[in-house]
$ cat my_file_15.csv   # CSV, C-alpha atoms
chain,number,residue,atom,x,y,z
A,1,MET,CA,176.4,76.7,166.6
A,2,GLU,CA,176.8,73.6,168.7
A,3,LEU,CA,180.4,73.0,169.7
A,4,GLY,CA,181.5,76.5,168.8
A,5,VAL,CA,184.8,75.6,167.1
A,6,SER,CA,186.2,75.9,163.6
A,7,ARG,CA,186.7,73.0,161.2
A,8,THR,CA,190.4,73.3,161.6
A,9,ALA,CA,190.4,73.0,165.4
A,10,SER,CA,192.6,70.4,167.0
A,11,ALA,CA,191.4,67.2,168.7
A,12,ASP,CA,192.2,68.8,172.1
A,13,GLU,CA,190.2,71.9,171.2
A,14,ILE,CA,187.2,69.8,170.2
A,15,ARG,CA,187.4,67.8,173.4
A,16,LYS,CA,187.7,70.9,175.6
A,17,ALA,CA,184.8,72.6,173.9
A,18,PHE,CA,182.6,69.5,174.4
A,19,ARG,CA,183.6,69.1,178.0
A,20,LYS,CA,182.8,72.7,178.8
A,21,LEU,CA,179.4,72.6,177.1
A,22,ALA,CA,178.4,69.2,178.4
A,23,LYS,CA,179.3,70.1,181.9
A,24,ALA,CA,177.4,73.4,181.7
A,25,ASN,CA,174.2,71.8,180.3
A,26,HIS,CA,174.2,68.4,182.0
A,27,PRO,CA,170.7,67.5,183.3
A,28,ASP,CA,172.2,66.5,186.7
A,29,THR,CA,173.4,70.0,187.2
A,30,ASN,CA,170.3,71.6,185.6
A,31,PRO,CA,167.3,69.7,187.0
A,32,ASP,CA,164.0,70.4,185.3
A,33,ASN,CA,165.7,72.6,182.7
A,34,LYS,CA,164.4,71.4,179.4
A,35,ALA,CA,166.4,73.9,177.4
A,36,ALA,CA,169.7,72.8,179.0
A,37,GLU,CA,168.8,69.1,178.5
A,38,GLU,CA,168.1,69.8,174.8
A,39,LYS,CA,171.3,71.7,174.4
A,40,PHE,CA,173.2,68.8,176.1
A,41,LYS,CA,171.7,66.3,173.6
A,42,ARG,CA,172.6,68.4,170.6
A,43,VAL,CA,176.1,69.0,171.8
A,44,SER,CA,176.5,65.3,172.5
A,45,ALA,CA,175.1,64.4,169.0
A,46,ALA,CA,177.5,66.9,167.4
A,47,PHE,CA,180.5,65.4,169.2
A,48,ASP,CA,179.4,61.9,168.4
A,49,ILE,CA,179.6,62.7,164.7
A,50,VAL,CA,182.8,64.7,164.9
A,51,GLY,CA,184.6,61.9,166.7
A,52,ASP,CA,183.8,59.2,164.2
A,53,VAL,CA,185.5,59.2,160.8
A,54,GLU,CA,182.8,57.1,159.0
A,55,LYS,CA,180.0,59.1,160.5
A,56,ARG,CA,181.6,62.4,159.4
A,57,LYS,CA,181.9,61.1,155.8
A,58,LYS,CA,178.3,59.9,155.7
A,59,PHE,CA,177.0,63.1,157.3
A,60,ASP,CA,179.0,65.2,154.9
A,61,ALA,CA,177.5,63.3,152.0
A,62,GLY,CA,174.0,63.6,153.4
A,63,GLU,CA,173.7,59.9,154.0
A,64,ILE,CA,172.9,60.1,157.7
A,65,ASP,CA,171.2,62.7,160.0
A,66,ALA,CA,172.4,64.0,163.3
A,67,ASP,CA,171.2,60.9,165.1
A,68,GLY,CA,173.2,58.6,162.8
A,69,ARG,CA,170.1,57.4,161.0
A,70,GLU,CA,170.2,56.9,157.2
A,71,THR,CA,168.4,59.6,155.2
A,72,MET,CA,166.5,59.5,151.9
A,73,ARG,CA,168.8,59.8,148.9
A,74,GLY,CA,169.4,63.4,148.0
A,75,PHE,CA,168.4,64.8,151.5
A,76,SER,CA,171.2,66.7,153.2
A,77,GLY,CA,170.2,65.7,156.7
A,78,ASN,CA,171.8,68.7,158.2
A,79,PRO,CA,169.9,69.6,161.5
A,80,TRP,CA,171.9,72.7,162.1
A,81,GLY,CA,170.5,74.5,159.1
A,82,GLN,CA,171.9,75.2,155.6
A,83,GLY,CA,175.6,75.9,155.8
A,84,GLY,CA,175.7,75.1,159.5
A,85,SER,CA,177.6,72.2,161.1
A,86,PRO,CA,178.1,70.6,164.5
A,87,PHE,CA,181.4,72.6,164.7
A,88,GLY,CA,179.4,75.8,165.0
A,89,GLN,CA,181.6,78.1,162.9
A,90,GLY,CA,180.4,77.7,159.4
A,91,GLY,CA,180.5,75.0,156.7
A,92,GLY,CA,179.8,71.3,156.9
A,93,PHE,CA,182.6,68.8,156.6
A,94,GLN,CA,183.5,69.7,153.0
A,95,GLY,CA,187.2,70.1,152.6
A,96,GLY,CA,187.9,67.3,155.1
A,97,GLY,CA,188.9,69.6,157.8
A,98,PHE,CA,189.1,66.8,160.4
A,99,ARG,CA,189.6,63.7,158.2
A,100,GLY,CA,192.6,61.8,159.2
A,101,GLN,CA,193.5,64.1,162.1
A,102,GLN,CA,195.3,62.1,164.8
A,103,GLY,CA,193.4,61.6,168.0
A,104,PHE,CA,189.9,61.3,166.5
A,105,GLU,CA,189.9,57.8,165.0
A,106,ASN,CA,188.8,56.1,168.3
A,107,VAL,CA,186.9,58.8,170.2
A,108,ASP,CA,184.2,57.4,172.5
A,109,LEU,CA,181.6,59.8,173.8
A,110,GLY,CA,180.9,57.5,176.8
A,111,ASP,CA,184.6,57.6,177.8
A,112,ILE,CA,184.7,61.4,177.7
A,113,LEU,CA,181.5,61.6,179.8
A,114,GLY,CA,182.7,58.9,182.0
A,115,GLU,CA,185.8,60.9,182.9
A,116,MET,CA,183.6,63.9,183.7
A,117,PHE,CA,180.7,62.3,185.6
A,118,GLY,CA,182.1,58.9,186.7
A,119,ARG,CA,182.4,55.6,184.9
A,120,GLY,CA,179.4,54.7,182.8
A,121,GLY,CA,178.6,58.3,181.8
A,122,PRO,CA,175.9,60.6,183.2
A,123,GLY,CA,173.0,58.9,184.7
A,124,GLN,CA,175.2,55.8,185.2
A,125,GLY,CA,174.4,54.7,181.7
A,126,GLY,CA,176.5,54.5,178.6
A,127,ARG,CA,175.4,53.7,175.0
A,128,GLY,CA,172.3,51.6,175.0
A,129,GLN,CA,171.9,52.0,178.8
A,130,GLY,CA,170.1,55.3,179.1
A,131,GLY,CA,173.1,57.1,177.6
A,132,PHE,CA,173.3,58.5,174.1
A,133,GLY,CA,172.5,55.4,172.1
A,134,GLY,CA,168.9,55.4,173.3
A,135,GLY,CA,168.2,58.9,174.6
A,136,PHE,CA,169.5,60.5,177.8
A,137,GLN,CA,168.0,59.3,181.1
A,138,SER,CA,168.8,61.3,184.2
A,139,ARG,CA,169.9,59.8,187.5
A,140,GLY,CA,167.6,60.5,190.5
A,141,GLN,CA,168.5,63.5,192.7
A,142,ASP,CA,170.6,63.2,195.8
A,143,VAL,CA,168.8,63.6,199.1
A,144,ARG,CA,170.3,65.3,202.2
A,145,ALA,CA,169.6,64.7,205.9
A,146,ARG,CA,171.2,65.6,209.2
A,147,LEU,CA,171.9,63.0,211.9
A,148,GLU,CA,172.7,63.9,215.5
A,149,ILE,CA,175.1,61.6,217.2
A,150,ASP,CA,176.5,61.3,220.8
A,151,LEU,CA,180.2,61.8,221.6
A,152,GLU,CA,180.4,58.1,222.5
A,153,GLU,CA,179.0,57.1,219.1
A,154,ALA,CA,181.5,59.4,217.3
A,155,ILE,CA,184.3,57.7,219.1
A,156,SER,CA,183.3,54.0,218.9
A,157,GLY,CA,181.1,54.1,215.8
A,158,GLY,CA,177.9,52.1,215.5
A,159,LYS,CA,174.5,52.1,213.8
A,160,LYS,CA,171.7,54.6,214.0
A,161,ARG,CA,168.4,54.8,212.2
A,162,ILE,CA,167.3,57.9,210.3
A,163,ALA,CA,163.9,58.8,208.9
A,164,PHE,CA,163.4,60.7,205.6
A,165,SER,CA,160.5,63.0,204.7
A,166,ASP,CA,159.2,60.5,202.2
A,167,GLY,CA,158.6,58.0,205.1
A,168,ARG,CA,161.6,55.8,204.4
A,169,THR,CA,163.9,54.8,207.2
A,170,LEU,CA,167.5,53.9,206.8
A,171,ASP,CA,170.1,52.3,209.1
A,172,VAL,CA,173.3,54.4,208.9
A,173,THR,CA,176.7,53.0,209.9
A,174,ILE,CA,178.6,55.6,211.9
A,175,PRO,CA,182.4,55.1,211.4
A,176,LYS,CA,184.8,55.1,214.3
A,177,GLY,CA,186.3,58.6,214.7
A,178,ALA,CA,183.4,60.3,213.1
A,179,ALA,CA,183.7,64.1,213.1
A,180,ASP,CA,181.2,66.9,213.5
A,181,GLY,CA,180.0,68.0,210.0
A,182,GLN,CA,181.3,64.9,208.3
A,183,VAL,CA,179.1,63.8,205.4
A,184,LEU,CA,178.4,60.1,204.7
A,185,ARG,CA,177.4,59.2,201.1
A,186,LEU,CA,175.1,56.2,200.8
A,187,LYS,CA,175.1,55.1,197.2
A,188,GLY,CA,171.7,54.5,195.5
A,189,GLN,CA,169.7,55.6,198.6
A,190,GLY,CA,168.4,58.9,197.1
A,191,ALA,CA,165.5,59.7,194.9
A,192,PRO,CA,164.7,57.3,192.1
A,193,GLY,CA,165.4,58.2,188.4
A,194,ARG,CA,165.2,56.5,185.0
A,195,GLY,CA,169.0,56.4,185.0
A,196,GLY,CA,169.2,55.0,188.5
A,197,ALA,CA,168.7,56.3,192.0
A,198,GLY,CA,170.6,59.2,193.5
A,199,ASP,CA,172.6,59.0,196.7
A,200,ALA,CA,171.7,59.9,200.3
A,201,LEU,CA,174.1,62.5,201.8
A,202,ILE,CA,174.0,62.3,205.7
A,203,GLU,CA,175.7,65.1,207.6
A,204,LEU,CA,176.7,64.1,211.1
A,205,ALA,CA,176.1,66.6,213.9
A,206,LEU,CA,177.9,66.0,217.3
A,207,LYS,CA,175.5,66.7,220.2
A,208,PRO,CA,176.9,68.8,223.1
A,209,HIS,CA,178.0,66.7,226.0
A,210,PRO,CA,177.3,67.6,229.6
A,211,VAL,CA,180.8,66.7,230.8
A,212,PHE,CA,183.2,66.6,227.9
A,213,ARG,CA,184.0,69.4,225.4
A,214,ARG,CA,186.3,69.6,222.4
A,215,GLU,CA,189.1,72.1,222.4
A,216,GLY,CA,191.0,71.9,219.1
A,217,GLU,CA,192.0,68.2,218.8
A,218,ALA,CA,191.8,67.5,222.5
A,219,LEU,CA,188.9,66.3,224.6
A,220,VAL,CA,188.7,68.3,227.9
A,221,MET,CA,186.6,68.1,231.1
A,222,ASP,CA,186.5,69.9,234.4
A,223,LEU,CA,187.1,67.5,237.4
A,224,PRO,CA,185.9,68.8,240.8
A,225,VAL,CA,188.1,67.8,243.8
A,226,SER,CA,187.6,68.4,247.5
A,227,VAL,CA,189.8,70.7,249.5
A,228,PRO,CA,191.3,67.8,251.5
A,229,ASP,CA,192.1,65.8,248.3
A,230,ALA,CA,193.7,68.9,246.8
A,231,VAL,CA,195.8,69.6,249.9
A,232,LEU,CA,196.7,66.0,250.9
A,233,GLY,CA,196.4,64.2,247.6
A,234,GLY,CA,194.2,61.2,247.1
A,235,LYS,CA,192.2,58.9,244.7
A,236,VAL,CA,189.1,60.3,243.0
A,237,THR,CA,186.7,58.8,240.5
A,238,ALA,CA,186.8,60.5,237.1
A,239,PRO,CA,184.2,60.0,234.3
A,240,THR,CA,185.5,59.1,230.7
A,241,PRO,CA,183.6,58.3,227.5
A,242,ASP,CA,184.4,54.6,228.2
A,243,GLY,CA,183.2,54.7,231.8
A,244,PRO,CA,184.5,55.9,235.2
A,245,VAL,CA,188.2,55.4,236.2
A,246,THR,CA,190.2,56.0,239.3
A,247,LEU,CA,192.6,59.0,239.1
A,248,SER,CA,195.4,60.1,241.5
A,249,VAL,CA,195.3,63.7,242.5
A,250,PRO,CA,198.8,64.9,243.5
A,251,LYS,CA,199.4,66.5,246.9
A,252,GLY,CA,199.0,70.3,246.9
A,253,ALA,CA,197.0,70.3,243.6
A,254,ASN,CA,195.4,73.6,242.5
A,255,SER,CA,192.5,74.6,240.4
A,256,GLY,CA,193.5,74.7,236.7
A,257,GLN,CA,196.1,72.0,237.0
A,258,THR,CA,195.6,69.4,234.2
A,259,LEU,CA,195.9,65.7,234.5
A,260,ARG,CA,196.2,63.5,231.4
A,261,LEU,CA,194.3,60.3,230.8
A,262,LYS,CA,196.0,58.5,228.0
A,263,GLY,CA,193.9,56.9,225.3
A,264,ARG,CA,190.6,58.1,226.7
A,265,GLY,CA,190.0,61.0,224.3
A,266,LEU,CA,188.7,61.4,220.8
A,267,ALA,CA,189.3,58.9,218.0
A,268,ASP,CA,190.7,59.6,214.5
A,269,ALA,CA,189.5,58.1,211.3
A,270,GLN,CA,191.7,55.0,211.9
A,271,GLY,CA,190.2,54.5,215.4
A,272,ARG,CA,193.3,55.7,217.3
A,273,ARG,CA,192.4,57.4,220.5
A,274,GLY,CA,193.8,60.6,221.8
A,275,ASP,CA,194.1,61.7,225.4
A,276,LEU,CA,191.5,63.2,227.8
A,277,LEU,CA,192.6,66.2,229.7
A,278,ALA,CA,191.1,66.6,233.2
A,279,ARG,CA,191.3,70.2,234.6
A,280,LEU,CA,191.0,70.2,238.4
A,281,VAL,CA,188.5,72.5,240.1
A,282,VAL,CA,189.0,72.7,243.8
A,283,THR,CA,185.5,72.8,245.2
A,284,LEU,CA,184.1,73.7,248.6
A,285,PRO,CA,181.2,71.6,250.2
A,286,ASP,CA,177.6,72.7,249.7
A,287,GLY,CA,176.4,74.9,252.5
A,288,PRO,CA,178.3,76.3,255.5
A,289,ASP,CA,180.8,74.1,257.4
A,290,PRO,CA,181.7,75.5,260.9
A,291,ALA,CA,184.8,73.3,261.3
A,292,LEU,CA,186.1,74.3,257.9
A,293,GLU,CA,185.4,78.0,258.6
A,294,ALA,CA,187.2,77.8,262.0
A,295,PHE,CA,190.2,76.1,260.3
A,296,ALA,CA,190.3,78.8,257.6
A,297,GLU,CA,190.1,81.6,260.2
A,298,THR,CA,193.1,80.2,262.1
A,299,TRP,CA,195.0,79.5,258.9
A,300,ARG,CA,194.4,83.1,257.7
A,301,LYS,CA,195.7,84.5,261.0
A,302,GLU,CA,198.7,82.3,261.5
A,303,ARG,CA,199.8,81.5,257.9
A,304,PRO,CA,198.6,84.4,255.7
A,305,TYR,CA,199.3,84.2,251.9
A,306,SER,CA,198.0,85.7,248.7
A,307,PRO,CA,197.3,83.5,245.7
A,308,ARG,CA,197.7,86.5,243.4
A,309,ARG,CA,201.1,86.7,241.8
A,310,LYS,CA,203.2,89.7,242.4
A,311,GLY,CA,204.0,91.7,239.3

$ encode --input "my_file_15.csv" --output "structure tokens"
Amino acid sequence: MELGVSRTASADEIRKAFRKLAKANHPDTNPDNKAAEEKFKRVSAAFDIVGDVEKRKKFDAGEIDADGRETMRGFSGNPWGQGGSPFGQGGGFQGGGFRGQQGFENVDLGDILGEMFGRGGPGQGGRGQGGFGGGFQSRGQDVRARLEIDLEEAISGGKKRIAFSDGRTLDVTIPKGAADGQVLRLKGQGAPGRGGAGDALIELALKPHPVFRREGEALVMDLPVSVPDAVLGGKVTAPTPDGPVTLSVPKGANSGQTLRLKGRGLADAQGRRGDLLARLVVTLPDGPDPALEAFAETWRKERPYSPRRKG
């Protein structure tokens, strides 16, 4: 009961059955599961025979066993039990159910598995390379780690060192325009295995910034301005991820008004920069100011107004 199809199944049905069983029992998706690994080997051996015309003939005649090895004369060599077959639904190959069927003359097990698990088959090995010619060899497991980066590193990219629990350290290249939650795959930097090392999967975590914050796709900051600068207008120094710049505050500016700094915001995957939005916050001086209080008192008496909108 290996592939679970009848002797009259089509080539596409055979391939679909093999793909389903191979994927479900593959050792990379069933680590430390000996039963699944054994099932995977048997399914692969069955398909290897089904897909080769000469092997089918020899197996049907009892000349080879399930591994393709020659048997002693007169020995049936059927590892699926009497009356069983790699098809899984009764009978051996008697009757020629698949002989000459189009689509099976040049079936390559490595090609099928290569499509499913990447070129070279599972474990990065084909026949004779840890694949099915010399016994299955599993690729090492992937390892995962989390790497915190600053906003400036996410924008401009760079290198950062990360330490793994096994004592190894690795220099990670952070791409320009890196995003929070983005996963970097470092090929061959995971756990070792007989079929090759696994990969290292590095999840990037953007650290909170004391000045800048992300709102949707925009980078935003609050920019404090004095009362005189808000009333009269003026030049103020504003921080950006690239360093401070001089910004013009318009005359009569109010809290909540937004000024746009072009090309000073977040970067996309191609390194193109968005804008930085500076929201003005009109701010009083620390501590009491008698002169300002006297001015405000006169202003309130002579030019009263309410900032609340009338409904």

$ atom_distance --input "my_file_15.csv" --atom1 "CA of Ala291 in chain A" --atom2 "CA of Ser226 in chain A"
14.9 Å

$ atom_distance --input "my_file_15.csv" --atom1 "CA of Val211 in chain A" --atom2 "CA of Ile149 in chain A"
15.6 Å

$ atom_distance --input "my_file_15.csv" --atom1 "CA of Asp150 in chain A" --atom2 "CA of Lys262 in chain A"
21.0 Å

$ residues_around --input "my_file_15.csv" --residues "Glu38 in chain A" --least-positions-apart "6" --cutoff "10 Å" --atoms "only C-alpha atoms" --output "MDAnalysis selection string"
chainID A and resid 25:27 44 136

$ residues_around --input "my_file_15.csv" --residues "Leu259 in chain A" --least-positions-apart "5" --cutoff "12 Å" --atoms "all atoms listed in the file" --output "list in words"
Val220, Met221, Asp222, Leu223, Ala238, Leu247, Ser248, Val249, Pro250, Ala253, Asn254, Asp275, Leu276, Leu277, Ala278, Arg279, Leu280 and Val281 of chain A

$ closest_residue --input "my_file_15.csv" --among "A:Lys176, A:Lys187, A:Lys301, A:Lys159" --to "Gln141 in chain A" --atoms "only C-alpha atoms"
A:Lys187

$ residues_around --input "my_file_15.csv" --residues "Glu148 in chain A" --least-positions-apart "5" --cutoff "9 Å" --atoms "only C-alpha atoms" --output "ChimeraX atom specification"
/A:203-207

$ residues_around --input "my_file_15.csv" --residues "Pro244 in chain A" --least-positions-apart "5" --cutoff "12 Å" --atoms "all atoms listed in the file" --output "tab-separated table (two decimals) with C-alpha atoms, keeping the file's coordinate frame"
chain	number	residue	atom	x	y	z
A	236	VAL	CA	189.10	60.30	243.00
A	237	THR	CA	186.70	58.80	240.50
A	238	ALA	CA	186.80	60.50	237.10
A	239	PRO	CA	184.20	60.00	234.30
A	261	LEU	CA	194.30	60.30	230.80
A	264	ARG	CA	190.60	58.10	226.70

$ closest_residue --input "my_file_15.csv" --among "A:Asp286, A:Asp166, A:Gly193, A:Val172" --to "Pro31 in chain A" --atoms "all atoms listed in the file"
A:Gly193

$ closest_residue --input "my_file_15.csv" --among "A:Leu3, A:Ala178, A:Ala145, A:Glu37" --to "Ile162 in chain A" --atoms "all atoms listed in the file"
A:Ala145

$ closest_residue --input "my_file_15.csv" --among "A:Lys16, A:Ile155, A:Asp229, A:Phe295" --to "Asp180 in chain A" --atoms "only C-alpha atoms"
A:Ile155

$ closest_residue --input "my_file_15.csv" --among "A:Gly158, A:Leu184, A:Ala24, A:Ala179" --to "Arg146 in chain A" --atoms "only C-alpha atoms"
A:Leu184

$ residues_around --input "my_file_15.csv" --residues "Gly263 in chain A" --least-positions-apart "4" --cutoff "12 Å" --atoms "all atoms listed in the file" --output "PyMOL selection string"
chain A and resi 155+218-219+240-242+267-268+271-277

$ closest_residue --input "my_file_15.csv" --among "A:Asp199, A:Arg139, A:Asp48, A:Ala230" --to "Val282 in chain A" --atoms "only C-alpha atoms"
A:Ala230
